[in-house]
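Printed here is data.cif (mmCIF, C-alpha atoms):
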```cif
data_model
#
loop_
_atom_site.label_atom_id
_atom_site.label_comp_id
_atom_site.auth_asym_id
_atom_site.auth_seq_id
_atom_site.Cartn_x
_atom_site.Cartn_y
_atom_site.Cartn_z
CA MET V 1 -80.34 -39.45 64.73
CA ALA V 2 -76.85 -40.08 65.86
CA GLY V 3 -73.68 -38.15 66.28
CA VAL V 4 -70.05 -38.43 67.24
CA VAL V 5 -68.28 -36.24 69.80
CA ALA V 6 -64.51 -35.82 69.79
CA LEU V 7 -62.35 -34.11 72.39
CA TYR V 8 -59.02 -32.55 71.36
CA ARG V 9 -56.23 -31.05 73.41
CA GLU V 10 -54.48 -29.24 70.54
CA LEU V 11 -55.83 -26.56 68.24
CA ASP V 12 -53.93 -27.78 65.17
CA ALA V 13 -55.39 -31.28 65.44
CA THR V 14 -58.88 -29.80 65.73
CA VAL V 15 -58.41 -27.66 62.62
CA ALA V 16 -57.03 -30.62 60.64
CA ALA V 17 -60.00 -32.77 61.70
CA ILE V 18 -62.47 -30.07 60.62
CA GLU V 19 -60.84 -29.73 57.21
CA ASP V 20 -60.80 -33.51 56.74
CA LEU V 21 -64.46 -33.79 57.76
CA LYS V 22 -65.37 -31.15 55.19
CA ARG V 23 -63.41 -33.03 52.50
CA GLN V 24 -65.45 -36.15 53.32
CA ASN V 25 -68.72 -34.15 52.98
CA PHE V 26 -69.63 -34.06 56.66
CA ARG V 27 -71.33 -30.65 56.74
CA ASP V 28 -73.45 -30.76 59.89
CA PHE V 29 -71.05 -30.32 62.78
CA GLU V 30 -70.47 -28.00 65.71
CA VAL V 31 -67.10 -26.89 67.03
CA TYR V 32 -66.53 -26.02 70.68
CA SER V 33 -63.62 -23.95 71.94
CA PRO V 34 -62.66 -22.54 75.34
CA THR V 35 -61.64 -19.25 73.68
CA ILE V 36 -62.22 -17.51 70.39
CA ARG V 37 -59.69 -18.75 67.85
CA HIS V 38 -59.52 -17.38 64.32
CA GLU V 39 -58.02 -20.66 63.08
CA LEU V 40 -61.30 -22.44 63.88
CA GLU V 41 -63.32 -19.74 62.18
CA HIS V 42 -61.21 -20.03 59.02
CA ALA V 43 -61.58 -23.81 59.05
CA VAL V 44 -65.35 -23.80 59.58
CA HIS V 45 -66.24 -20.86 57.28
CA PRO V 46 -69.47 -20.02 59.13
CA LYS V 47 -72.32 -18.40 57.25
CA GLU V 48 -72.91 -14.71 57.75
CA SER V 49 -74.93 -13.75 60.79
CA PRO V 50 -78.55 -12.66 60.24
CA VAL V 51 -78.19 -10.13 63.09
CA ARG V 52 -77.36 -7.40 60.58
CA ALA V 53 -80.89 -7.71 59.17
CA PHE V 54 -82.29 -7.07 62.66
CA MET V 55 -80.14 -3.92 62.86
CA LEU V 56 -81.26 -2.69 59.44
CA VAL V 57 -84.97 -3.22 60.07
CA GLY V 58 -84.76 -1.80 63.60
CA GLY V 59 -82.77 1.23 62.44
CA LEU V 60 -85.17 2.00 59.60
CA LEU V 61 -88.17 1.64 61.89
CA GLY V 62 -86.41 3.84 64.47
CA VAL V 63 -85.57 6.67 62.07
CA SER V 64 -89.09 6.55 60.64
CA PHE V 65 -90.59 6.73 64.11
CA GLY V 66 -88.20 9.54 65.11
CA TYR V 67 -89.21 11.71 62.17
CA TRP V 68 -92.88 10.84 62.58
CA ILE V 69 -93.06 11.67 66.29
CA ALA V 70 -91.23 14.99 65.80
CA ILE V 71 -93.39 16.05 62.86
CA TRP V 72 -96.60 14.88 64.55
CA THR V 73 -95.71 16.88 67.68
CA SER V 74 -95.03 20.02 65.62
CA VAL V 75 -98.26 19.71 63.67
CA TYR V 76 -100.35 18.90 66.76
CA TRP V 77 -98.86 21.79 68.81
CA PRO V 78 -97.68 24.28 66.19
CA LEU V 79 -95.25 27.06 67.07
CA VAL V 80 -95.25 29.49 64.20
CA VAL V 81 -91.97 31.42 64.30
CA GLY V 82 -91.29 34.07 61.68
CA GLY V 83 -93.44 32.42 59.01
CA LYS V 84 -91.22 29.32 58.80
CA ALA V 85 -92.65 25.90 57.97
CA ILE V 86 -94.14 24.10 60.95
CA ALA V 87 -92.71 20.70 59.98
CA SER V 88 -89.23 21.00 58.53
CA TRP V 89 -87.14 17.86 58.20
CA ILE V 90 -83.76 19.50 58.84
CA PRO V 91 -84.06 20.05 62.63
CA TYR V 92 -85.75 16.68 63.08
CA THR V 93 -82.76 14.83 61.64
CA ILE V 94 -81.15 14.81 65.09
CA ILE V 95 -84.20 13.20 66.65
CA GLY V 96 -84.46 10.71 63.78
CA PHE V 97 -80.79 9.77 64.14
CA GLU V 98 -81.02 9.31 67.91
CA VAL V 99 -84.07 7.07 67.65
CA PHE V 100 -82.36 5.21 64.77
CA VAL V 101 -79.41 4.42 67.06
CA LEU V 102 -81.63 3.49 70.01
CA VAL V 103 -84.02 1.16 68.19
CA GLY V 104 -81.23 -0.23 65.98
CA ALA V 105 -79.12 -1.13 69.03
CA LEU V 106 -82.06 -2.69 70.87
CA SER V 107 -83.05 -4.74 67.83
CA THR V 108 -79.44 -5.88 67.40
CA VAL V 109 -79.35 -7.15 70.99
CA PHE V 110 -82.74 -8.81 70.45
CA GLY V 111 -81.45 -10.44 67.24
CA MET V 112 -78.35 -11.72 69.03
CA PHE V 113 -80.49 -13.33 71.73
CA ILE V 114 -82.82 -14.90 69.18
CA ASN V 115 -80.03 -16.29 66.97
CA SER V 116 -77.93 -17.61 69.84
CA ARG V 117 -81.01 -19.17 71.45
CA ILE V 118 -80.55 -17.40 74.76
CA PRO V 119 -81.69 -18.36 77.32
CA ARG V 120 -80.69 -21.95 76.64
CA VAL V 121 -82.36 -24.00 79.33
CA LEU V 122 -80.81 -27.31 78.34
CA THR V 123 -77.26 -27.90 77.20
CA SER V 124 -76.99 -28.93 73.61
CA VAL V 125 -76.39 -32.50 72.55
CA GLY V 126 -72.71 -33.15 72.06
CA TYR V 127 -71.48 -30.60 74.57
CA ASP V 128 -68.96 -31.62 77.21
CA THR V 129 -68.00 -29.38 80.14
CA ARG V 130 -64.32 -29.92 79.33
CA PHE V 131 -64.81 -27.81 76.18
CA SER V 132 -65.02 -24.77 78.50
CA SER V 133 -61.87 -25.61 80.42
CA GLY V 134 -59.11 -25.87 77.85
CA HIS V 135 -60.14 -28.60 75.41
CA PHE V 136 -61.51 -28.29 71.90
CA GLY V 137 -64.44 -30.34 70.68
CA ILE V 138 -66.24 -31.36 67.52
CA PHE V 139 -69.75 -32.79 67.41
CA VAL V 140 -70.63 -34.35 64.05
CA ARG V 141 -74.32 -35.01 63.35
CA CYS V 142 -74.63 -37.97 61.02
CA ALA V 143 -76.73 -41.01 60.24
CA PRO V 144 -75.88 -44.15 62.23
CA GLU V 145 -74.31 -45.77 59.16
CA GLN V 146 -71.94 -42.79 58.73
CA ALA V 147 -70.81 -42.77 62.39
CA PRO V 148 -67.92 -45.25 61.91
CA ALA V 149 -66.40 -43.11 59.12
CA ALA V 150 -66.69 -39.96 61.23
CA THR V 151 -65.20 -41.75 64.23
CA ALA V 152 -62.26 -42.99 62.17
CA THR V 153 -61.59 -39.51 60.80
CA LEU V 154 -61.71 -37.92 64.25
CA ARG V 155 -59.42 -40.57 65.75
CA GLN V 156 -56.99 -40.24 62.83
CA HIS V 157 -56.33 -36.63 63.82
CA GLY V 158 -55.44 -37.41 67.41
CA ALA V 159 -58.68 -37.07 69.35
CA ALA V 160 -58.15 -37.70 73.05
CA GLU V 161 -61.65 -39.15 73.33
CA VAL V 162 -64.35 -40.08 70.80
CA ARG V 163 -67.84 -41.22 71.76
CA ASP V 164 -71.20 -41.75 70.10
CA GLU V 165 -74.19 -39.58 71.00
CA ARG V 166 -77.86 -40.34 70.42
CA TYR V 167 -80.50 -37.65 70.30
#
```
Would you encode the structure as structure tokens?
Amino acid sequence: MAGVVALYRELDATVAAIEDLKRQNFRDFEVYSPTIRHELEHAVHPKESPVRAFMLVGGLLGVSFGYWIAIWTSVYWPLVVGGKAIASWIPYTIIGFEVFVLVGALSTVFGMFINSRIPRVLTSVGYDTRFSSGHFGIFVRCAPEQAPAATATLRQHGAAEVRDERY
């Protein structure tokens, strides 16, 4: 496979290049930015993060475990007080909620690490260290025969540097 890396100094040129790449049906690209910019997010339209599913599953498992451990403890060591039920769900709601928050938060952090591929031992193809020090970058994955069209589009929008990458 091949790819093209472009380095931009201005945000507006980067956004225009992204929009033009999308118009030309280049869909597989990565955008690098030294800071979070909402203009890039609006231009890229990223898909929704799957981390929310980790939170949902972790939270449901946590609340289930919280209720289960509280009820199991009450049944295993019963304290009969005034003829009330040994396992009542109302007082165990606090324990269920706390374990829901704990396991949900831990699974969210776990999901963030999994989806962002942390720890990343090797830098990704198409990354340049200048993207962390004030420049914007676009890496377009494409077939070798599509590389000249991608290069022309990136240069047209004022890229300071464009180079081919092989991976």
Selected by the PyMOL selection byres ((chain V and resi 14-27) around 12) in the shown coordinates: which residues, as a PyMOL selection string?
-> chain V and resi 3-4+6-13+28-33+37-46+135-143+146-147+149-160
Which value, in Å to one decimal, gives the distance between CA of Ser74 (chain V) and CA of Ile95 (chain V)?
->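 Separation between CA of Ser74 (chain V) and CA of Ile95 (chain V): 12.8 Å.
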Tell me, in Å to one decimal, how far CA of Val57 (chain V) is from CA of Ala105 (chain V).
-> 10.9 Å
Non-local contacts of Gly111 (chain V) (9 Å; all atoms listed in the file; under 2 positions in same chain excluded) as a list in words =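 Surrounding residues, per the criterion: Pro50, Val51, Arg52, Ala53, Phe54, Met55, Leu106, Ser107, Thr108, Val109, Phe113, Ile114, Asn115 and Ser116 of chain V.
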Which of these residues is nearest to Gly58 (chain V), using all atoms listed in the file: V:Leu79, V:Val103, V:Ile90, V:Ile71?
->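 Of all the options, V:Val103 lies closest to Gly58 (chain V).
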Interatomic distance between CA of Tyr167 (chain V) and CA of Val125 (chain V)?
->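 The value is 7.0 Å.
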I need the residue set behind the PyMOL selection byres ((chain V and resi 63) around 6) for this file; please write it as a ChimeraX atom specification.
-> /V:60-62,64-66,96,99-100
The PyMOL selection byres ((chain V and resi 163) around 6) on the file shown: which residues, as a PyMOL selection string?
-> chain V and resi 4-5+162+164
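Compared by their closest atoms to Tyr67 (chain V), and using all atoms listed in the file, the residues V:Ile36, V:Gly126, V:Ile118, V:Phe97 rank with V:Phe97 nearest.
Distances here use only C-alpha atoms; by that measure, the residue among V:Pro34, V:Trp89, V:Glu145, V:Thr73 closest to Asp128 (chain V) is V:Pro34.
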Residue with smallest distance to Glu161 (chain V) - pool V:Val75, V:Ala87, V:Met112, V:Arg130, counting only C-alpha atoms | V:Arg130
Since fewer atoms than expected are present, regenerate N, CA and C atoms for region 52-84 of chain V and write them as a compact mmCIF listing (two decimals), in the frame of the given file.
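Produced file part.txt, reproduced below:
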```txt
# COMPACT_ATOMS: atom_id res chain seq x y z
N ARG V 52 -77.40 -8.67 61.30
CA ARG V 52 -77.36 -7.40 60.58
C ARG V 52 -78.72 -7.02 60.00
N ALA V 53 -79.54 -8.00 59.66
CA ALA V 53 -80.89 -7.71 59.17
C ALA V 53 -81.75 -7.12 60.30
N PHE V 54 -81.57 -7.63 61.53
CA PHE V 54 -82.29 -7.07 62.66
C PHE V 54 -81.90 -5.60 62.85
N MET V 55 -80.61 -5.30 62.71
CA MET V 55 -80.14 -3.92 62.86
C MET V 55 -80.73 -3.02 61.78
N LEU V 56 -80.73 -3.50 60.54
CA LEU V 56 -81.26 -2.69 59.44
C LEU V 56 -82.74 -2.40 59.63
N VAL V 57 -83.52 -3.41 59.91
CA VAL V 57 -84.97 -3.22 60.07
C VAL V 57 -85.25 -2.34 61.29
N GLY V 58 -84.57 -2.61 62.40
CA GLY V 58 -84.76 -1.80 63.60
C GLY V 58 -84.35 -0.35 63.39
N GLY V 59 -83.23 -0.14 62.70
CA GLY V 59 -82.77 1.23 62.44
C GLY V 59 -83.73 1.99 61.55
N LEU V 60 -84.22 1.33 60.50
CA LEU V 60 -85.17 2.00 59.60
C LEU V 60 -86.49 2.30 60.30
N LEU V 61 -86.95 1.37 61.12
CA LEU V 61 -88.17 1.64 61.89
C LEU V 61 -87.93 2.78 62.89
N GLY V 62 -86.74 2.80 63.50
CA GLY V 62 -86.41 3.84 64.47
C GLY V 62 -86.35 5.22 63.84
N VAL V 63 -85.66 5.36 62.71
CA VAL V 63 -85.57 6.67 62.07
C VAL V 63 -86.94 7.12 61.57
N SER V 64 -87.74 6.19 61.08
CA SER V 64 -89.09 6.55 60.64
C SER V 64 -89.93 7.03 61.82
N PHE V 65 -89.84 6.32 62.94
CA PHE V 65 -90.59 6.73 64.11
C PHE V 65 -90.08 8.06 64.65
N GLY V 66 -88.77 8.28 64.63
CA GLY V 66 -88.20 9.54 65.11
C GLY V 66 -88.70 10.74 64.32
N TYR V 67 -88.68 10.62 63.00
CA TYR V 67 -89.21 11.71 62.17
C TYR V 67 -90.71 11.87 62.40
N TRP V 68 -91.42 10.76 62.44
CA TRP V 68 -92.88 10.84 62.58
C TRP V 68 -93.27 11.51 63.89
N ILE V 69 -92.66 11.11 64.99
CA ILE V 69 -93.06 11.67 66.29
C ILE V 69 -92.72 13.15 66.37
N ALA V 70 -91.60 13.57 65.78
CA ALA V 70 -91.23 14.99 65.80
C ALA V 70 -92.17 15.81 64.94
N ILE V 71 -92.49 15.32 63.76
CA ILE V 71 -93.39 16.05 62.86
C ILE V 71 -94.81 16.06 63.43
N TRP V 72 -95.26 14.94 63.96
CA TRP V 72 -96.60 14.88 64.55
C TRP V 72 -96.71 15.86 65.71
N THR V 73 -95.69 15.95 66.56
CA THR V 73 -95.71 16.88 67.68
C THR V 73 -95.78 18.32 67.20
N SER V 74 -95.01 18.64 66.15
CA SER V 74 -95.03 20.02 65.62
C SER V 74 -96.35 20.37 64.98
N VAL V 75 -96.97 19.44 64.32
CA VAL V 75 -98.26 19.71 63.67
C VAL V 75 -99.37 19.79 64.72
N TYR V 76 -99.31 18.94 65.75
CA TYR V 76 -100.35 18.90 66.76
C TYR V 76 -100.27 20.12 67.67
N TRP V 77 -99.07 20.59 68.00
CA TRP V 77 -98.86 21.79 68.81
C TRP V 77 -97.97 22.75 68.03
N PRO V 78 -98.52 23.45 67.06
CA PRO V 78 -97.68 24.28 66.19
C PRO V 78 -97.14 25.52 66.91
N LEU V 79 -95.88 25.82 66.62
CA LEU V 79 -95.25 27.06 67.07
C LEU V 79 -94.79 27.79 65.82
N VAL V 80 -95.57 28.74 65.40
CA VAL V 80 -95.25 29.49 64.20
C VAL V 80 -94.24 30.56 64.58
N VAL V 81 -93.04 30.48 63.99
CA VAL V 81 -91.97 31.42 64.30
C VAL V 81 -91.50 32.05 63.00
N GLY V 82 -91.78 33.31 62.83
CA GLY V 82 -91.29 34.07 61.68
C GLY V 82 -91.77 33.56 60.34
N GLY V 83 -92.90 32.90 60.27
CA GLY V 83 -93.44 32.42 59.01
C GLY V 83 -92.76 31.18 58.45
N LYS V 84 -91.91 30.53 59.26
CA LYS V 84 -91.22 29.32 58.80
C LYS V 84 -92.19 28.15 58.79
```
